[in-house]
Amino acid sequence: MRYIDGETGLEKQQAEKVKNLLAALEAENSLLRERITLLESENQALRDRVALLEQENTALNARLSAVESGSLGVRKDASTSSVELIPLDMPAMRLTEDGRLMPAQPNTIILGDQENYLNDVITANVTVASSIGSKDTVGELSDEELSVSLPRPRRFTRREGRREEEIGFLAEELPAICRRGRGYDLKAVVAVLAYKVARLEARLQSGVSPL
């Protein structure tokens, strides 16, 4: 005798198989829905992370633009891809692509100025670049220029800075050949002094009185 399932209209044995299959499919569907919900949550988290990274990227681009424009004391030179250090209005130093720290044009490093100078520059040695290959219009100094008299050194205290007693020259008392702006060219003073000492040594060696 055949038994018919009232819910499905199938024989009882077939109806049981169909019901079991439907239950399995519903369970699998439920798992898939949970997985989709989890993926949607992860996707939203990733979207939030991307939005945060975009904000950070915008902030970094603005910061980089500020750096390259020089507003933070640093500027990128587009023509050479180097980085310039700008403590005031004009670049003082340049960091090149290969990591060399060099003076910026006009080939000088300015540490302070006549109004805002540094009290001391301390170093183990000072080397003045002086190869003839880097010079144009090399000429001789006249005897008159080399025979200039240097003034007596002075003892003084500066109005600014540490106000410690110093010994040196007054720029206004030096000959023009040794002056530079409101200061004096130490290299020129050393060159003139060295020449005078060498000339005195030559006179002494020849038996001629230095006076």
# chains A, B, ... in the order shown; residues from 1 in each chain; ligands from 1
call {"tool": "residues_around", "arguments": {"residues": "Pro151 of chain A", "least_positions_apart": "3", "cutoff": "8 Å", "atoms": "only C-alpha atoms", "output": "PyMOL selection string"}}
result
chain A and resi 169+173-174
call {"tool": "write_last_selection", "arguments": {"atoms": "N, CA and C atoms", "output": "mmCIF file, in the first residue's frame"}}
result
data_model
loop_
_atom_site.group_PDB
_atom_site.id
_atom_site.type_symbol
_atom_site.label_atom_id
_atom_site.label_comp_id
_atom_site.auth_asym_id
_atom_site.auth_seq_id
_atom_site.Cartn_x
_atom_site.Cartn_y
_atom_site.Cartn_z
ATOM 1 N N PHE A 169 90.488 93.191 14.664
ATOM 2 C CA PHE A 169 90.595 94.454 13.944
ATOM 3 C C PHE A 169 89.231 95.134 13.860
ATOM 4 N N GLU A 173 89.279 100.452 10.065
ATOM 5 C CA GLU A 173 90.693 100.808 10.154
ATOM 6 C C GLU A 173 91.575 99.981 9.218
ATOM 7 N N LEU A 174 91.025 98.949 8.627
ATOM 8 C CA LEU A 174 91.812 98.105 7.737
ATOM 9 C C LEU A 174 91.909 98.724 6.352
#
call {"tool": "atom_distance", "arguments": {"atom1": "atom CA of Asn119 of chain A", "atom2": "atom CA of Ala176 of chain A"}}
result
24.2 Å
call {"tool": "closest_residue", "arguments": {"among": "A:Ser30, A:Ile177, A:Ser81, A:Glu16", "to": "Gly99 of chain A", "atoms": "only C-alpha atoms"}}
result
A:Ser81
call {"tool": "atom_distance", "arguments": {"atom1": "atom CA of Arg152 of chain A", "atom2": "atom CA of Arg179 of chain A"}}
result
15.3 Å
call {"tool": "select_by_dssp", "arguments": {"residues": "segment 1-207 of chain A", "states": "alpha helix (DSSP H)", "output": "count of residues only"}}
result
81
call {"tool": "atom_distance", "arguments": {"atom1": "atom CA of Thr37 of chain A", "atom2": "atom CA of Glu56 of chain A"}}
result
28.7 Å
call {"tool": "select_by_dssp", "arguments": {"residues": "segment 26-183 of chain A", "states": "strand (DSSP E or B)", "output": "PyMOL selection string"}}
result
chain A and resi 69+74-77+82-85+93-95+101-103+112+117+154-157+165-168+179-180+183
call {"tool": "residues_around", "arguments": {"residues": "Arg155 of chain A", "least_positions_apart": "4", "cutoff": "8 Å", "atoms": "only C-alpha atoms", "output": "list in words"}}
result
Glu165, Glu166, Ile167 and Gly168 of chain A
